[in-house]
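Asks: Sharing work15.cif below, mmCIF, C-alpha atoms:
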```cif
data_entry
#
loop_
_atom_site.group_PDB
_atom_site.id
_atom_site.type_symbol
_atom_site.label_atom_id
_atom_site.label_comp_id
_atom_site.auth_asym_id
_atom_site.auth_seq_id
_atom_site.Cartn_x
_atom_site.Cartn_y
_atom_site.Cartn_z
ATOM 1 C CA MET J 1 19.891 28.481 -14.871
ATOM 2 C CA ASN J 2 20.539 25.225 -13.032
ATOM 3 C CA VAL J 3 18.708 22.470 -14.921
ATOM 4 C CA HIS J 4 18.007 20.514 -11.723
ATOM 5 C CA HIS J 5 16.402 23.609 -10.197
ATOM 6 C CA LEU J 6 14.244 23.915 -13.305
ATOM 7 C CA GLU J 7 13.164 20.293 -12.943
ATOM 8 C CA LEU J 8 12.121 20.887 -9.333
ATOM 9 C CA PHE J 9 10.196 23.982 -10.349
ATOM 10 C CA PHE J 10 8.434 21.955 -13.066
ATOM 11 C CA TYR J 11 7.124 19.491 -10.459
ATOM 12 C CA VAL J 12 6.119 22.280 -8.060
ATOM 13 C CA ALA J 13 4.227 24.129 -10.784
ATOM 14 C CA ARG J 14 2.659 20.993 -12.237
ATOM 15 C CA HIS J 15 1.375 19.635 -8.917
ATOM 16 C CA GLY J 16 0.524 22.895 -7.167
ATOM 17 C CA GLY J 17 3.038 23.199 -4.362
ATOM 18 C CA VAL J 18 6.206 21.908 -2.761
ATOM 19 C CA SER J 19 4.603 19.148 -0.648
ATOM 20 C CA ALA J 20 2.712 17.724 -3.653
ATOM 21 C CA ALA J 21 5.881 17.930 -5.756
ATOM 22 C CA ALA J 22 7.796 15.899 -3.148
ATOM 23 C CA ARG J 23 5.248 13.087 -3.496
ATOM 24 C CA HIS J 24 5.515 12.970 -7.289
ATOM 25 C CA ILE J 25 9.231 13.483 -7.959
ATOM 26 C CA PRO J 26 10.483 10.002 -8.972
ATOM 27 C CA TYR J 27 13.505 10.068 -6.644
ATOM 28 C CA GLY J 28 13.970 10.800 -2.970
ATOM 29 C CA ILE J 29 14.078 14.482 -2.060
ATOM 30 C CA GLN J 30 12.538 16.184 0.962
ATOM 31 C CA GLN J 31 10.386 19.312 0.990
ATOM 32 C CA PRO J 32 13.031 21.550 2.673
ATOM 33 C CA ALA J 33 15.569 20.652 -0.035
ATOM 34 C CA ILE J 34 13.060 21.454 -2.785
ATOM 35 C CA SER J 35 12.172 24.792 -1.177
ATOM 36 C CA ALA J 36 15.841 25.739 -0.729
ATOM 37 C CA GLN J 37 16.710 24.997 -4.362
ATOM 38 C CA ILE J 38 13.654 26.830 -5.691
ATOM 39 C CA LEU J 39 14.761 29.859 -3.642
ATOM 40 C CA GLN J 40 18.176 29.593 -5.294
ATOM 41 C CA LEU J 41 16.487 29.588 -8.700
ATOM 42 C CA GLU J 42 14.429 32.655 -7.784
ATOM 43 C CA ASP J 43 17.519 34.445 -6.423
ATOM 44 C CA ASN J 44 19.407 33.657 -9.619
ATOM 45 C CA LEU J 45 16.560 35.025 -11.751
ATOM 46 C CA GLY J 46 15.747 37.925 -9.459
ATOM 47 C CA VAL J 47 11.996 37.154 -9.564
ATOM 48 C CA THR J 48 9.380 35.302 -7.509
ATOM 49 C CA LEU J 49 8.006 32.322 -9.418
ATOM 50 C CA PHE J 50 4.972 31.479 -7.280
ATOM 51 C CA ARG J 51 2.992 32.580 -4.240
ATOM 52 C CA ARG J 52 3.189 30.052 -1.453
ATOM 53 C CA ARG J 53 -0.158 30.373 0.377
ATOM 54 C CA PRO J 54 -2.378 29.836 -1.454
ATOM 55 C CA PHE J 55 -0.250 28.431 -4.254
ATOM 56 C CA GLN J 56 -0.326 30.489 -7.439
ATOM 57 C CA LEU J 57 2.203 30.992 -10.200
ATOM 58 C CA THR J 58 3.289 34.545 -10.762
ATOM 59 C CA ARG J 59 3.384 35.956 -14.286
ATOM 60 C CA GLU J 60 7.098 35.099 -14.463
ATOM 61 C CA GLY J 61 6.398 31.610 -13.133
ATOM 62 C CA GLN J 62 3.748 31.037 -15.811
ATOM 63 C CA VAL J 63 6.159 32.133 -18.547
ATOM 64 C CA LEU J 64 8.939 29.844 -17.252
ATOM 65 C CA PHE J 65 6.606 26.856 -16.779
ATOM 66 C CA ALA J 66 5.229 27.219 -20.301
ATOM 67 C CA TYR J 67 8.797 27.180 -21.620
ATOM 68 C CA ILE J 68 10.068 24.110 -19.717
ATOM 69 C CA GLU J 69 6.854 22.016 -19.588
ATOM 70 C CA PRO J 70 7.161 20.473 -23.079
ATOM 71 C CA PHE J 71 10.627 19.126 -22.240
ATOM 72 C CA PHE J 72 10.132 17.809 -18.685
ATOM 73 C CA GLY J 73 6.538 16.760 -19.390
ATOM 74 C CA GLY J 74 7.650 14.698 -22.382
ATOM 75 C CA LEU J 75 10.427 12.721 -20.702
ATOM 76 C CA ASP J 76 8.231 9.703 -19.855
ATOM 77 C CA ASP J 77 7.018 9.459 -23.463
ATOM 78 C CA MET J 78 10.598 9.693 -24.704
ATOM 79 C CA ALA J 79 11.654 6.912 -22.330
ATOM 80 C CA ARG J 80 8.865 4.704 -23.694
ATOM 81 C CA ARG J 81 9.961 5.447 -27.279
ATOM 82 C CA LEU J 82 13.545 4.534 -26.457
ATOM 83 C CA ARG J 83 12.309 1.264 -24.918
ATOM 84 C CA GLY J 84 10.491 0.461 -28.122
ATOM 85 C CA GLY J 85 7.141 1.916 -27.105
ATOM 86 C CA VAL J 86 6.746 -0.297 -24.036
ATOM 87 C CA ASP J 87 6.904 0.925 -20.436
ATOM 88 C CA ASN J 88 7.980 -2.008 -18.276
ATOM 89 C CA ARG J 89 7.982 -0.053 -15.016
ATOM 90 C CA LEU J 90 5.444 -0.845 -12.299
ATOM 91 C CA ARG J 91 4.866 1.215 -9.147
ATOM 92 C CA ILE J 92 3.459 -1.106 -6.466
ATOM 93 C CA ALA J 93 2.058 -0.645 -2.961
ATOM 94 C CA ALA J 94 1.389 -3.439 -0.470
ATOM 95 C CA PRO J 95 1.370 -4.085 3.301
ATOM 96 C CA GLU J 96 4.643 -5.026 4.931
ATOM 97 C CA ILE J 97 3.748 -8.707 5.393
ATOM 98 C CA VAL J 98 2.909 -9.033 1.677
ATOM 99 C CA GLN J 99 6.183 -7.353 0.760
ATOM 100 C CA ARG J 100 8.127 -9.756 2.960
ATOM 101 C CA GLU J 101 6.368 -13.084 2.394
ATOM 102 C CA TYR J 102 4.953 -13.005 -1.133
ATOM 103 C CA LEU J 103 6.330 -10.212 -3.315
ATOM 104 C CA PRO J 104 9.900 -11.554 -3.717
ATOM 105 C CA GLU J 105 8.621 -14.676 -5.484
ATOM 106 C CA LEU J 106 6.046 -12.702 -7.477
ATOM 107 C CA LEU J 107 8.603 -10.121 -8.607
ATOM 108 C CA ALA J 108 11.052 -12.870 -9.587
ATOM 109 C CA ARG J 109 8.344 -14.281 -11.864
ATOM 110 C CA MET J 110 7.766 -10.840 -13.355
ATOM 111 C CA LYS J 111 11.453 -10.517 -14.250
ATOM 112 C CA GLN J 112 11.197 -13.791 -16.139
ATOM 113 C CA ARG J 113 7.959 -12.845 -17.901
ATOM 114 C CA VAL J 114 8.622 -9.177 -18.746
ATOM 115 C CA PRO J 115 11.994 -8.298 -20.318
ATOM 116 C CA GLY J 116 13.502 -5.195 -18.725
ATOM 117 C CA PHE J 117 10.977 -5.220 -15.888
ATOM 118 C CA HIS J 118 11.700 -2.762 -13.089
ATOM 119 C CA PHE J 119 9.598 -1.552 -10.196
ATOM 120 C CA THR J 120 9.245 0.727 -7.200
ATOM 121 C CA LEU J 121 7.652 -0.393 -3.949
ATOM 122 C CA THR J 122 5.906 1.441 -1.133
ATOM 123 C CA GLN J 123 3.973 0.327 1.932
ATOM 124 C CA GLY J 124 0.254 0.797 2.406
ATOM 125 C CA ARG J 125 -3.073 -0.800 3.240
ATOM 126 C CA GLN J 126 -6.333 -0.454 1.342
ATOM 127 C CA GLN J 127 -7.259 3.154 2.132
ATOM 128 C CA GLU J 128 -3.665 4.346 1.717
ATOM 129 C CA ILE J 129 -3.339 2.422 -1.551
ATOM 130 C CA GLU J 130 -6.541 3.951 -2.922
ATOM 131 C CA ALA J 131 -5.259 7.455 -2.087
ATOM 132 C CA LEU J 132 -1.977 6.713 -3.888
ATOM 133 C CA LEU J 133 -3.885 5.410 -6.920
ATOM 134 C CA GLU J 134 -6.126 8.490 -7.009
ATOM 135 C CA SER J 135 -3.079 10.776 -6.979
ATOM 136 C CA GLN J 136 -1.409 8.612 -9.679
ATOM 137 C CA GLU J 137 1.590 7.929 -7.449
ATOM 138 C CA ILE J 138 1.353 4.154 -7.962
ATOM 139 C CA ASP J 139 0.061 1.849 -10.703
ATOM 140 C CA LEU J 140 -1.156 -1.086 -8.634
ATOM 141 C CA GLY J 141 -1.805 -2.185 -5.065
ATOM 142 C CA LEU J 142 -2.184 -5.502 -3.247
ATOM 143 C CA SER J 143 -4.135 -5.576 -0.006
ATOM 144 C CA VAL J 144 -6.731 -7.208 2.186
ATOM 145 C CA LEU J 145 -10.026 -5.742 0.964
ATOM 146 C CA THR J 146 -12.521 -5.076 3.721
ATOM 147 C CA ASP J 147 -13.801 -1.633 2.699
ATOM 148 C CA LYS J 148 -15.949 -0.656 -0.251
ATOM 149 C CA ALA J 149 -13.623 0.641 -2.945
ATOM 150 C CA GLY J 150 -13.838 4.246 -4.123
ATOM 151 C CA PRO J 151 -15.745 5.055 -7.331
ATOM 152 C CA ASN J 152 -12.605 5.248 -9.491
ATOM 153 C CA ILE J 153 -10.913 2.133 -8.108
ATOM 154 C CA GLN J 154 -10.982 -1.241 -9.855
ATOM 155 C CA ILE J 155 -10.584 -4.459 -7.849
ATOM 156 C CA ARG J 156 -9.785 -8.033 -8.783
ATOM 157 C CA GLU J 157 -10.036 -10.729 -6.130
ATOM 158 C CA VAL J 158 -6.867 -12.800 -5.823
ATOM 159 C CA ALA J 159 -7.680 -14.984 -2.802
ATOM 160 C CA THR J 160 -10.093 -15.375 0.103
ATOM 161 C CA LEU J 161 -8.681 -15.695 3.609
ATOM 162 C CA SER J 162 -10.181 -17.071 6.801
ATOM 163 C CA MET J 163 -9.984 -15.274 10.141
ATOM 164 C CA VAL J 164 -8.601 -17.345 13.017
ATOM 165 C CA LEU J 165 -7.904 -16.956 16.713
ATOM 166 C CA LEU J 166 -4.414 -17.613 18.035
ATOM 167 C CA VAL J 167 -4.031 -19.013 21.539
ATOM 168 C CA SER J 168 -1.103 -20.235 23.551
ATOM 169 C CA GLU J 169 -1.002 -24.032 23.710
ATOM 170 C CA SER J 170 -0.402 -23.730 27.431
ATOM 171 C CA SER J 171 -3.860 -22.137 27.772
ATOM 172 C CA GLY J 172 -5.495 -25.504 27.085
ATOM 173 C CA ILE J 173 -8.049 -23.888 24.748
ATOM 174 C CA GLN J 174 -8.891 -26.243 21.877
ATOM 175 C CA HIS J 175 -11.783 -24.482 20.103
ATOM 176 C CA ALA J 176 -12.783 -20.849 19.487
ATOM 177 C CA GLN J 177 -16.207 -21.539 21.045
ATOM 178 C CA GLU J 178 -14.516 -22.031 24.419
ATOM 179 C CA VAL J 179 -13.632 -18.340 24.286
ATOM 180 C CA LEU J 180 -16.597 -16.873 22.423
ATOM 181 C CA GLU J 181 -19.252 -18.654 24.532
ATOM 182 C CA GLN J 182 -17.988 -17.273 27.838
ATOM 183 C CA ASP J 183 -20.427 -14.941 29.620
ATOM 184 C CA ARG J 184 -17.652 -12.404 29.992
ATOM 185 C CA ILE J 185 -14.349 -12.812 28.162
ATOM 186 C CA GLU J 186 -11.524 -11.864 30.498
ATOM 187 C CA LEU J 187 -8.704 -12.826 28.130
ATOM 188 C CA PRO J 188 -6.952 -9.854 26.489
ATOM 189 C CA LEU J 189 -7.647 -9.568 22.748
ATOM 190 C CA ILE J 190 -4.610 -8.860 20.557
ATOM 191 C CA THR J 191 -5.377 -7.433 17.098
ATOM 192 C CA LEU J 192 -4.252 -5.062 14.416
ATOM 193 C CA SER J 193 -5.424 -1.450 14.796
ATOM 194 C CA SER J 194 -9.165 -1.085 15.339
ATOM 195 C CA PHE J 195 -9.184 0.982 12.124
ATOM 196 C CA GLU J 196 -7.955 -2.016 10.115
ATOM 197 C CA GLY J 197 -10.576 -3.777 8.011
ATOM 198 C CA VAL J 198 -9.792 -7.186 9.526
ATOM 199 C CA SER J 199 -10.398 -5.852 13.042
ATOM 200 C CA ARG J 200 -13.645 -4.172 12.006
ATOM 201 C CA THR J 201 -14.835 -7.344 10.267
ATOM 202 C CA PHE J 202 -14.114 -9.347 13.430
ATOM 203 C CA GLN J 203 -16.022 -6.888 15.610
ATOM 204 C CA ALA J 204 -19.007 -7.097 13.240
ATOM 205 C CA TYR J 205 -18.809 -10.897 13.499
ATOM 206 C CA LEU J 206 -18.791 -10.675 17.315
ATOM 207 C CA ARG J 207 -21.885 -8.465 17.241
ATOM 208 C CA THR J 208 -23.773 -11.121 15.246
ATOM 209 C CA ARG J 209 -22.985 -13.523 18.094
ATOM 210 C CA GLY J 210 -23.937 -11.022 20.798
ATOM 211 C CA VAL J 211 -20.350 -10.932 22.109
ATOM 212 C CA ASP J 212 -18.554 -7.885 23.526
ATOM 213 C CA TRP J 213 -14.760 -8.237 23.320
ATOM 214 C CA LEU J 214 -12.685 -5.163 22.633
ATOM 215 C CA PRO J 215 -8.942 -5.190 21.878
ATOM 216 C CA SER J 216 -6.490 -4.800 24.734
ATOM 217 C CA LEU J 217 -3.427 -4.661 22.462
ATOM 218 C CA GLU J 218 -3.421 -3.139 18.964
ATOM 219 C CA LEU J 219 -0.280 -3.996 17.005
ATOM 220 C CA GLY J 220 1.262 -3.058 13.678
ATOM 221 C CA GLY J 221 1.371 -6.436 11.937
ATOM 222 C CA LEU J 222 0.067 -10.012 12.018
ATOM 223 C CA ASP J 223 3.550 -11.328 12.766
ATOM 224 C CA LEU J 224 3.565 -9.179 15.917
ATOM 225 C CA VAL J 225 0.154 -10.555 16.916
ATOM 226 C CA ASN J 226 1.674 -14.039 16.605
ATOM 227 C CA ARG J 227 4.662 -13.114 18.768
ATOM 228 C CA TYR J 228 2.596 -11.511 21.519
ATOM 229 C CA VAL J 229 0.349 -14.574 21.710
ATOM 230 C CA GLU J 230 3.485 -16.721 21.886
ATOM 231 C CA GLY J 231 4.607 -14.551 24.804
ATOM 232 C CA GLY J 232 1.393 -15.328 26.684
ATOM 233 C CA PHE J 233 -0.110 -11.833 26.518
ATOM 234 C CA GLY J 234 -3.576 -12.877 25.328
ATOM 235 C CA VAL J 235 -5.613 -14.256 22.423
ATOM 236 C CA GLY J 236 -4.778 -12.990 18.935
ATOM 237 C CA LEU J 237 -6.863 -12.291 15.855
ATOM 238 C CA SER J 238 -5.111 -13.292 12.637
ATOM 239 C CA LEU J 239 -5.639 -14.581 9.116
ATOM 240 C CA GLN J 240 -4.933 -18.069 7.812
ATOM 241 C CA LEU J 241 -2.109 -17.251 5.429
ATOM 242 C CA PRO J 242 -0.006 -19.661 3.396
ATOM 243 C CA LYS J 243 3.690 -19.421 4.277
ATOM 244 C CA MET J 244 2.808 -17.786 7.609
ATOM 245 C CA LYS J 245 2.459 -20.457 10.276
ATOM 246 C CA ALA J 246 1.662 -20.025 13.943
ATOM 247 C CA ALA J 247 4.712 -19.738 16.172
ATOM 248 C CA SER J 248 5.907 -22.649 18.233
ATOM 249 C CA GLY J 249 3.592 -23.020 21.213
ATOM 250 C CA VAL J 250 0.719 -21.185 19.465
ATOM 251 C CA ARG J 251 -2.486 -22.912 18.352
ATOM 252 C CA GLU J 252 -4.607 -21.656 15.412
ATOM 253 C CA LEU J 253 -8.376 -21.912 15.965
ATOM 254 C CA PRO J 254 -10.923 -21.567 13.111
ATOM 255 C CA LEU J 255 -13.806 -19.158 13.751
ATOM 256 C CA PRO J 256 -17.142 -20.878 13.074
ATOM 257 C CA GLY J 257 -19.413 -18.882 10.772
ATOM 258 C CA ALA J 258 -16.977 -15.992 10.381
ATOM 259 C CA PRO J 259 -17.057 -14.278 6.959
ATOM 260 C CA PRO J 260 -13.985 -14.710 4.744
ATOM 261 C CA VAL J 261 -11.693 -11.770 4.070
ATOM 262 C CA THR J 262 -10.828 -10.929 0.476
ATOM 263 C CA PHE J 263 -7.273 -10.259 -0.693
ATOM 264 C CA GLY J 264 -6.956 -8.597 -4.056
ATOM 265 C CA ALA J 265 -5.364 -6.184 -6.508
ATOM 266 C CA LEU J 266 -6.443 -2.548 -6.860
ATOM 267 C CA TRP J 267 -5.876 -0.064 -9.668
ATOM 268 C CA ALA J 268 -7.359 3.052 -11.231
ATOM 269 C CA GLY J 269 -8.200 3.399 -14.915
ATOM 270 C CA LYS J 270 -6.887 0.816 -17.364
ATOM 271 C CA LEU J 271 -4.240 -1.719 -16.445
ATOM 272 C CA THR J 272 -0.942 -1.374 -18.275
ATOM 273 C CA ALA J 273 0.486 -4.457 -19.957
ATOM 274 C CA PRO J 274 2.994 -5.145 -17.114
ATOM 275 C CA ALA J 275 0.216 -4.663 -14.555
ATOM 276 C CA GLU J 276 -1.967 -7.212 -16.361
ATOM 277 C CA VAL J 277 0.879 -9.738 -16.205
ATOM 278 C CA PHE J 278 1.480 -8.913 -12.543
ATOM 279 C CA VAL J 279 -2.162 -9.471 -11.546
ATOM 280 C CA ARG J 280 -2.296 -12.733 -13.489
ATOM 281 C CA GLU J 281 0.910 -13.978 -11.841
ATOM 282 C CA ALA J 282 -0.491 -12.973 -8.430
ATOM 283 C CA GLU J 283 -3.587 -15.084 -9.121
ATOM 284 C CA LEU J 284 -1.450 -18.054 -10.191
ATOM 285 C CA LEU J 285 0.811 -17.762 -7.157
ATOM 286 C CA ALA J 286 -2.182 -17.553 -4.802
ATOM 287 C CA GLY J 287 -3.656 -20.658 -6.400
ATOM 288 C CA GLU J 288 -0.423 -22.548 -5.925
ATOM 289 C CA LEU J 289 0.014 -21.431 -2.309
ATOM 290 C CA PHE J 290 -3.516 -22.339 -1.275
ATOM 291 C CA SER J 291 -3.321 -25.742 -2.961
ATOM 292 C CA ARG J 292 -0.200 -26.760 -1.032
#
```
The structure given in the file should be rewritten as structure tokens.
Replies:
Amino acid sequence: MNVHHLELFFYVARHGGVSAAARHIPYGIQQPAISAQILQLEDNLGVTLFRRRPFQLTREGQVLFAYIEPFFGGLDDMARRLRGGVDNRLRIAAPEIVQREYLPELLARMKQRVPGFHFTLTQGRQQEIEALLESQEIDLGLSVLTDKAGPNIQIREVATLSMVLLVSESSGIQHAQEVLEQDRIELPLITLSSFEGVSRTFQAYLRTRGVDWLPSLELGGLDLVNRYVEGGFGVGLSLQLPKMKAASGVRELPLPGAPPVTFGALWAGKLTAPAEVFVREAELLAGELFSR
């Protein structure tokens, strides 16, 4: 039997299907490739190992899984033993802007603080991060926190951020009130997706002021909001972030009375030792950035 095929079958059996296995296998492999290699294993053995819909191991599949599970299931523990009992790996999820602007410095600090530190990185916002934590696909997430966390999710606040409006300097607008106090706002509103917590928080803030102003453009990142405002396409909703300054020709306007937005770390269960160091370094870095 091909040992790699056995490893793929272990993940399929352990997680209840090919699609779930693809999410948990710690290296890149697509569902069609997994299915094709499992079929090769079944052809080699001359038996069917599991029913596809709904997923269920056959008798032969149960026998094979029971035989290989102690080996493949014990590999992580063996790796920790060989590292001296310490697992210095961290699986992290964060939005793209956090990955680009803040994580390089934070990860460089981790390499200095934790000998042998290594990590994997995936993209996600709060709801996506919570789903990854629940399925144990990541150890830790960093995100803007505007939704109530799930019952199994722990949160530690790292920083509070202020919402701001972005306007083109050529518009002549000096204060947010000049926009928000209009009887009818004709200027296009440029935001992140209406499903994003920041956008929902802003709409709730507008309702407290009795203002109706729905997005005209919904974009994929705050840097894009900045660029579209710079291009003269409307007024943008953004966050006051250290290291991320308004583009040339764009003015940042504070929003009077707007609630702050929390940025923090998320995890499920108990933090590992590397995760504890990571969260602490994130807090220190945030303190330094906001004091500059």
Asks: Show me as a PDB file with C-alpha atoms, in the frame of the given file the residues that reach within 12 Å of (12.1, 15.2, -18.2), counting only C-alpha atoms and using the file's own coordinates.
Replies:
```
ATOM      1  CA  VAL J   3      18.708  22.470 -14.921  1.00  0.00           C
ATOM      2  CA  HIS J   4      18.007  20.514 -11.723  1.00  0.00           C
ATOM      3  CA  LEU J   6      14.244  23.915 -13.305  1.00  0.00           C
ATOM      4  CA  GLU J   7      13.164  20.293 -12.943  1.00  0.00           C
ATOM      5  CA  LEU J   8      12.121  20.887  -9.333  1.00  0.00           C
ATOM      6  CA  PHE J   9      10.196  23.982 -10.349  1.00  0.00           C
ATOM      7  CA  PHE J  10       8.434  21.955 -13.066  1.00  0.00           C
ATOM      8  CA  TYR J  11       7.124  19.491 -10.459  1.00  0.00           C
ATOM      9  CA  ILE J  25       9.231  13.483  -7.959  1.00  0.00           C
ATOM     10  CA  PRO J  26      10.483  10.002  -8.972  1.00  0.00           C
ATOM     11  CA  ILE J  68      10.068  24.110 -19.717  1.00  0.00           C
ATOM     12  CA  GLU J  69       6.854  22.016 -19.588  1.00  0.00           C
ATOM     13  CA  PRO J  70       7.161  20.473 -23.079  1.00  0.00           C
ATOM     14  CA  PHE J  71      10.627  19.126 -22.240  1.00  0.00           C
ATOM     15  CA  PHE J  72      10.132  17.809 -18.685  1.00  0.00           C
ATOM     16  CA  GLY J  73       6.538  16.760 -19.390  1.00  0.00           C
ATOM     17  CA  GLY J  74       7.650  14.698 -22.382  1.00  0.00           C
ATOM     18  CA  LEU J  75      10.427  12.721 -20.702  1.00  0.00           C
ATOM     19  CA  ASP J  76       8.231   9.703 -19.855  1.00  0.00           C
ATOM     20  CA  ASP J  77       7.018   9.459 -23.463  1.00  0.00           C
ATOM     21  CA  MET J  78      10.598   9.693 -24.704  1.00  0.00           C
ATOM     22  CA  ALA J  79      11.654   6.912 -22.330  1.00  0.00           C
TER      23      ALA J  79
END
```
Asks: Could you state which residues are captured by the PyMOL selection byres ((chain J and resi 269) around 10) in this file, as number ranges by chain?
Replies: J: 133-134, 139, 152-154, 267-268, 270-272
Asks: Any chance you can output those residues with C-alpha atoms as a short mmCIF file (atom, residue, chain, number, x, y, z; two decimals), keeping the file's coordinate frame?
Replies:
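Saved result, out10.cif, follows:
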```cif
data_model
loop_
_atom_site.label_atom_id
_atom_site.label_comp_id
_atom_site.auth_asym_id
_atom_site.auth_seq_id
_atom_site.Cartn_x
_atom_site.Cartn_y
_atom_site.Cartn_z
CA LEU J 133 -3.88 5.41 -6.92
CA GLU J 134 -6.13 8.49 -7.01
CA ASP J 139 0.06 1.85 -10.70
CA ASN J 152 -12.60 5.25 -9.49
CA ILE J 153 -10.91 2.13 -8.11
CA GLN J 154 -10.98 -1.24 -9.86
CA TRP J 267 -5.88 -0.06 -9.67
CA ALA J 268 -7.36 3.05 -11.23
CA LYS J 270 -6.89 0.82 -17.36
CA LEU J 271 -4.24 -1.72 -16.44
CA THR J 272 -0.94 -1.37 -18.27
#
```
Asks: Counting all atoms listed in the file, which residues sit no farther than 10 Å from the position (0.4, -16.6, -2.4) in the file's frame? I'd like them as an NGL selection string.
Replies: :J and (98 or 101-103 or 105-106 or 158-159 or 241-243 or 281-291)
Asks: Just to be explicit: take each residue in the selection above, keep C-alpha atoms, and write the result as a short mmCIF file (atom, residue, chain, number, x, y, z; two decimals), in the coordinates of the input.
Replies:
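As a result, result06.cif now contains:
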```cif
data_model
loop_
_atom_site.label_atom_id
_atom_site.label_comp_id
_atom_site.auth_asym_id
_atom_site.auth_seq_id
_atom_site.Cartn_x
_atom_site.Cartn_y
_atom_site.Cartn_z
CA VAL J 98 2.91 -9.03 1.68
CA GLU J 101 6.37 -13.08 2.39
CA TYR J 102 4.95 -13.00 -1.13
CA LEU J 103 6.33 -10.21 -3.32
CA GLU J 105 8.62 -14.68 -5.48
CA LEU J 106 6.05 -12.70 -7.48
CA VAL J 158 -6.87 -12.80 -5.82
CA ALA J 159 -7.68 -14.98 -2.80
CA LEU J 241 -2.11 -17.25 5.43
CA PRO J 242 -0.01 -19.66 3.40
CA LYS J 243 3.69 -19.42 4.28
CA GLU J 281 0.91 -13.98 -11.84
CA ALA J 282 -0.49 -12.97 -8.43
CA GLU J 283 -3.59 -15.08 -9.12
CA LEU J 284 -1.45 -18.05 -10.19
CA LEU J 285 0.81 -17.76 -7.16
CA ALA J 286 -2.18 -17.55 -4.80
CA GLY J 287 -3.66 -20.66 -6.40
CA GLU J 288 -0.42 -22.55 -5.92
CA LEU J 289 0.01 -21.43 -2.31
CA PHE J 290 -3.52 -22.34 -1.27
CA SER J 291 -3.32 -25.74 -2.96
#
```
Asks: Identify which of the residues J:Asp147, J:Glu252, J:Glu137, J:Asp212 lies closest to Ala176 (chain J), counting all atoms listed in the file when measuring atom-to-atom distances.
Replies: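 Of the candidates, the smallest distance to Ala176 (chain J) is held by J:Glu252.
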Asks: Please expand the PyMOL selection byres ((chain J and resi 36-49) around 8) into the concrete residues it hits in this file, giving the result as a list of chain:residue names.
Replies: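 Residues picked by the PyMOL selection byres ((chain J and resi 36-49) around 8): J:Met1, J:Asn2, J:His5, J:Leu6, J:Leu8, J:Phe9, J:Pro32, J:Ala33, J:Ile34, J:Ser35, J:Phe50, J:Arg51, J:Leu57, J:Thr58, J:Arg59, J:Glu60, J:Gly61, J:Gln62.
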Asks: Rebuild region 32-43 of chain J to N, CA and C atoms - output it as a CSV table (one decimal), keeping the file's coordinate frame, please.
Replies:
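out-v6.csv, written as the output of this step:
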```csv
chain,number,residue,atom,x,y,z
J,32,PRO,N,12.1,20.4,2.4
J,32,PRO,CA,13.0,21.6,2.7
J,32,PRO,C,14.1,21.7,1.6
J,33,ALA,N,14.6,20.6,1.0
J,33,ALA,CA,15.6,20.7,0.0
J,33,ALA,C,15.0,21.3,-1.3
J,34,ILE,N,13.7,20.9,-1.6
J,34,ILE,CA,13.1,21.5,-2.8
J,34,ILE,C,12.9,23.0,-2.6
J,35,SER,N,12.4,23.4,-1.4
J,35,SER,CA,12.2,24.8,-1.2
J,35,SER,C,13.5,25.6,-1.3
J,36,ALA,N,14.6,25.0,-0.7
J,36,ALA,CA,15.8,25.7,-0.7
J,36,ALA,C,16.3,25.9,-2.2
J,37,GLN,N,16.2,24.9,-3.0
J,37,GLN,CA,16.7,25.0,-4.4
J,37,GLN,C,15.8,25.9,-5.2
J,38,ILE,N,14.5,25.9,-5.0
J,38,ILE,CA,13.7,26.8,-5.7
J,38,ILE,C,14.0,28.3,-5.3
J,39,LEU,N,14.3,28.5,-4.1
J,39,LEU,CA,14.8,29.9,-3.6
J,39,LEU,C,16.0,30.3,-4.4
J,40,GLN,N,17.0,29.3,-4.5
J,40,GLN,CA,18.2,29.6,-5.3
J,40,GLN,C,17.9,30.0,-6.7
J,41,LEU,N,16.9,29.3,-7.3
J,41,LEU,CA,16.5,29.6,-8.7
J,41,LEU,C,15.9,31.0,-8.8
J,42,GLU,N,15.0,31.3,-7.8
J,42,GLU,CA,14.4,32.7,-7.8
J,42,GLU,C,15.5,33.7,-7.5
J,43,ASP,N,16.4,33.5,-6.7
J,43,ASP,CA,17.5,34.4,-6.4
J,43,ASP,C,18.3,34.7,-7.7
```
